[in-house]
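Notes for the one structure printed next.
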Amino acid sequence: HVETMESLYASRDYARLGAYLRELGGEKDALPPLYYTEDFLVNALLAGRLGPAGAEGIRVTCAASLPQALPIADSDLCTLLANLLDNAVEACRRLDPGEDRFIRLSLEVKQELFLLTCANAAPPHPGAGFPTTKADRDSHGLGIPAMRRVAAKYDGVLEVGQQGGVFTLRAALRLPQTSKSCPVRDGTALSFEDGQPPRLRLMVGAHGAGEPAAA
């Protein structure tokens, strides 16, 4: 949708752009309004993807405890959440009919960290990495690297993994005031350990630069 609207705007075809927006609005109005969080952009991203997913028979669970506005750039939130949700929905769609299709999503702010966890049903994945399964490989398959770049921008961490038929993504981003008070360049980094919430780990010192010390 974004690429289409950008093309219409760049060509100054405002009539078609308006018609396209009205068409999208009609698709949205066909679904019941969904409310997940006070943050307008986050709510729009969640409702725009989880609503249609639920209409397709995918079991959706979403717990969002966020302030009215996150101190994260709108473009970064879009990159993070749009890719996350598109990947989760796509994985569920690739399952055989009759299989349990679900998306479990959690978003919260805790101790000046934006914490995001998503678990979704997915076909078995025996290989390394998570390449796109879409036909247009030049335009797709960049979702996880793009999300990692957003996490790195906020001195955070993003991890993905799959066990059996469940794919899990976890991310922790420092909110800007936290980034200023204890940035990575001063020797700390976030990490997930043994399924526990993220915590700071010392990355330099007696163990040498770049080698993680005991948390």
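We name chains A, B, ... following the order of the structure tokens; residues begin at 1 in each chain, and ligands are numbered from 1 as shown.
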Q. Which polymer residues have any atom within 8 Å of an atom of A:Glu159, counting only C-alpha atoms, with same-chain residues fewer than 6 positions away left out, as a VMD selection string?
A. chain A and resid 169 to 171
Generate the output file for the selected residues, all heavy atoms, as a PDB file, in the first residue's frame.
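File written: selection_13.pdb
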```pdb
ATOM      1  N   LEU A 169       9.458 -14.367  18.039  1.00  0.00           N
ATOM      2  CA  LEU A 169      10.312 -13.186  17.916  1.00  0.00           C
ATOM      3  C   LEU A 169      10.214 -12.394  19.217  1.00  0.00           C
ATOM      4  O   LEU A 169       9.120 -12.154  19.715  1.00  0.00           O
ATOM      5  CB  LEU A 169       9.893 -12.319  16.726  1.00  0.00           C
ATOM      6  CG  LEU A 169      10.717 -11.047  16.487  1.00  0.00           C
ATOM      7  CD1 LEU A 169      10.789 -10.732  14.996  1.00  0.00           C
ATOM      8  CD2 LEU A 169      10.144  -9.843  17.246  1.00  0.00           C
ATOM      9  N   ARG A 170      11.382 -12.021  19.738  1.00  0.00           N
ATOM     10  CA  ARG A 170      11.433 -11.180  20.941  1.00  0.00           C
ATOM     11  C   ARG A 170      12.329  -9.982  20.670  1.00  0.00           C
ATOM     12  O   ARG A 170      13.392 -10.123  20.056  1.00  0.00           O
ATOM     13  CB  ARG A 170      11.978 -11.959  22.141  1.00  0.00           C
ATOM     14  CG  ARG A 170      11.118 -13.134  22.560  1.00  0.00           C
ATOM     15  CD  ARG A 170      11.674 -13.793  23.795  1.00  0.00           C
ATOM     16  NE  ARG A 170      13.023 -14.323  23.569  1.00  0.00           N
ATOM     17  CZ  ARG A 170      13.832 -14.738  24.532  1.00  0.00           C
ATOM     18  NH1 ARG A 170      13.458 -14.649  25.789  1.00  0.00           N
ATOM     19  NH2 ARG A 170      15.017 -15.244  24.243  1.00  0.00           N
ATOM     20  N   ALA A 171      11.888  -8.822  21.123  1.00  0.00           N
ATOM     21  CA  ALA A 171      12.688  -7.614  20.940  1.00  0.00           C
ATOM     22  C   ALA A 171      12.589  -6.745  22.176  1.00  0.00           C
ATOM     23  O   ALA A 171      11.556  -6.719  22.861  1.00  0.00           O
ATOM     24  CB  ALA A 171      12.212  -6.839  19.713  1.00  0.00           C
TER      25      ALA A 171
END
```
Q) If you count only C-alpha atoms, which residues fall within 9 Å of A:Arg148, apart from same-chain ones fewer than 2 positions away, as an NGL selection string? A) :A and (80 or 143-146 or 150-153 or 156-159 or 171)
Q. Would you give me, as a PyMOL selection string, the residues in stretch 9-172 of chain A that DSSP reads as helix (DSSP H, G or I)?
A. chain A and resi 9-10+14-29+40-55+74-93+143-153
Q | Test item: residues at most 12 Å from A:Gln163, only C-alpha atoms, excluding those fewer than 6 positions along its chain, as a PyMOL selection string | A | chain A and resi 119-126+169
Q: Find the residues around stretch 84-90 of chain A up to 10 Å (only C-alpha atoms counted), leave out those fewer than 4 positions away in its own chain, and share them as a ChimeraX atom specification.
A: /A:45-46,48-50,52-54,56,58,78-80,94-95,101-105,117-122,132-134,141,143-144,147,167-169
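Note that DSSP on the backbone gives strand (DSSP E or B) to these residues of stretch 75-165 of chain A: A:Phe102, A:Ile103, A:Arg104, A:Leu105, A:Ser106, A:Leu107, A:Glu108, A:Val109, A:Lys110, A:Leu113, A:Phe114, A:Leu115, A:Leu116, A:Thr117, A:Cys118, A:Ala119, A:Asn120, A:Ala121, A:Val157, A:Leu158, A:Glu159, A:Val160, A:Gly161, A:Gln162, A:Gln163.
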Export N, CA, C and O atoms of the chosen residues as a short mmCIF file (atom, residue, chain, number, x, y, z; two decimals), in the first residue's frame?
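Output (selection.cif):
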```cif
data_model
loop_
_atom_site.label_atom_id
_atom_site.label_comp_id
_atom_site.auth_asym_id
_atom_site.auth_seq_id
_atom_site.Cartn_x
_atom_site.Cartn_y
_atom_site.Cartn_z
N PHE A 102 -2.46 -19.51 14.80
CA PHE A 102 -2.59 -18.55 15.90
C PHE A 102 -1.47 -17.52 15.84
O PHE A 102 -0.39 -17.76 15.30
N ILE A 103 -1.74 -16.37 16.44
CA ILE A 103 -0.76 -15.31 16.67
C ILE A 103 -0.95 -14.81 18.08
O ILE A 103 -2.05 -14.40 18.45
N ARG A 104 0.11 -14.87 18.87
CA ARG A 104 0.08 -14.36 20.25
C ARG A 104 1.08 -13.20 20.34
O ARG A 104 2.28 -13.41 20.15
N LEU A 105 0.57 -12.03 20.65
CA LEU A 105 1.39 -10.82 20.62
C LEU A 105 1.34 -10.11 21.96
O LEU A 105 0.27 -9.99 22.57
N SER A 106 2.50 -9.63 22.40
CA SER A 106 2.58 -8.87 23.65
C SER A 106 3.46 -7.65 23.43
O SER A 106 4.57 -7.77 22.89
N LEU A 107 2.96 -6.48 23.83
CA LEU A 107 3.72 -5.24 23.75
C LEU A 107 3.59 -4.50 25.07
O LEU A 107 2.47 -4.33 25.58
N GLU A 108 4.70 -4.06 25.63
CA GLU A 108 4.64 -3.32 26.88
C GLU A 108 5.88 -2.45 27.05
O GLU A 108 6.91 -2.68 26.40
N VAL A 109 5.75 -1.46 27.91
CA VAL A 109 6.88 -0.64 28.31
C VAL A 109 7.16 -0.94 29.77
O VAL A 109 6.26 -0.85 30.62
N LYS A 110 8.39 -1.34 30.06
CA LYS A 110 8.78 -1.68 31.42
C LYS A 110 10.21 -1.21 31.65
O LYS A 110 11.10 -1.53 30.87
N LEU A 113 12.03 0.32 28.79
CA LEU A 113 12.27 -0.55 27.64
C LEU A 113 10.95 -0.82 26.94
O LEU A 113 9.92 -1.01 27.59
N PHE A 114 10.98 -0.83 25.62
CA PHE A 114 9.84 -1.27 24.84
C PHE A 114 10.04 -2.75 24.55
O PHE A 114 10.98 -3.14 23.84
N LEU A 115 9.18 -3.59 25.11
CA LEU A 115 9.31 -5.04 25.01
C LEU A 115 8.24 -5.59 24.08
O LEU A 115 7.06 -5.27 24.20
N LEU A 116 8.67 -6.42 23.17
CA LEU A 116 7.79 -6.96 22.15
C LEU A 116 8.04 -8.45 22.01
O LEU A 116 9.18 -8.89 21.84
N THR A 117 6.97 -9.23 22.09
CA THR A 117 7.08 -10.68 21.91
C THR A 117 5.94 -11.14 21.00
O THR A 117 4.78 -10.75 21.20
N CYS A 118 6.29 -11.94 20.02
CA CYS A 118 5.27 -12.50 19.13
C CYS A 118 5.56 -13.98 18.91
O CYS A 118 6.68 -14.34 18.54
N ALA A 119 4.57 -14.81 19.14
CA ALA A 119 4.66 -16.24 18.84
C ALA A 119 3.53 -16.57 17.87
O ALA A 119 2.38 -16.16 18.08
N ASN A 120 3.85 -17.28 16.81
CA ASN A 120 2.82 -17.63 15.83
C ASN A 120 3.06 -19.02 15.29
O ASN A 120 4.18 -19.53 15.27
N ALA A 121 1.97 -19.63 14.85
CA ALA A 121 2.07 -20.93 14.20
C ALA A 121 2.81 -20.77 12.88
O ALA A 121 2.69 -19.75 12.20
N VAL A 157 17.87 -5.23 21.25
CA VAL A 157 18.18 -6.58 20.79
C VAL A 157 16.92 -7.18 20.19
O VAL A 157 15.80 -6.90 20.65
N LEU A 158 17.07 -8.00 19.16
CA LEU A 158 15.95 -8.70 18.55
C LEU A 158 16.41 -10.11 18.23
O LEU A 158 17.44 -10.31 17.61
N GLU A 159 15.64 -11.07 18.71
CA GLU A 159 15.99 -12.48 18.51
C GLU A 159 14.81 -13.24 17.93
O GLU A 159 13.66 -12.96 18.28
N VAL A 160 15.09 -14.18 17.05
CA VAL A 160 14.06 -15.02 16.46
C VAL A 160 14.47 -16.48 16.62
O VAL A 160 15.65 -16.81 16.72
N GLY A 161 13.48 -17.34 16.64
CA GLY A 161 13.75 -18.77 16.73
C GLY A 161 12.48 -19.55 16.49
O GLY A 161 11.37 -19.00 16.51
N GLN A 162 12.64 -20.83 16.22
CA GLN A 162 11.49 -21.68 15.99
C GLN A 162 11.70 -23.03 16.64
O GLN A 162 12.76 -23.64 16.51
N GLN A 163 10.67 -23.48 17.36
CA GLN A 163 10.65 -24.81 17.94
C GLN A 163 9.39 -25.51 17.44
O GLN A 163 8.27 -25.07 17.74
#
```
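Of note, atom CA of A:Pro67 and atom CA of A:Thr37 are spaced 7.9 Å apart.
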Q: Find the residue from A:Asp76, A:Asp155, A:Asp13, A:Glu23 that sits nearest to A:Arg174; use only C-alpha atoms when measuring.
A: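 Looking only at the distances to A:Arg174, the closest residue turns out to be A:Asp155.
Rounded to one decimal, atom CA of A:Asp100 and atom CA of A:Leu77 lie 28.6 Å from each other.
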**Q.** Atomic distance atom CA of A:Ile72 - atom CA of A:Tyr154, expressed in Å with one decimal
**A.** 8.6 Å
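Counting only C-alpha atoms, the residue from A:Arg16, A:Arg22, A:Arg149, A:Arg59 that sits nearest to A:Glu99 is A:Arg59.
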Q | Using only C-alpha atoms: which of A:Gly57, A:Arg12, A:Gly18, A:Ser65 has the shortest distance to A:Tyr36 | A |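 The answer is A:Ser65, which sits nearest to A:Tyr36.
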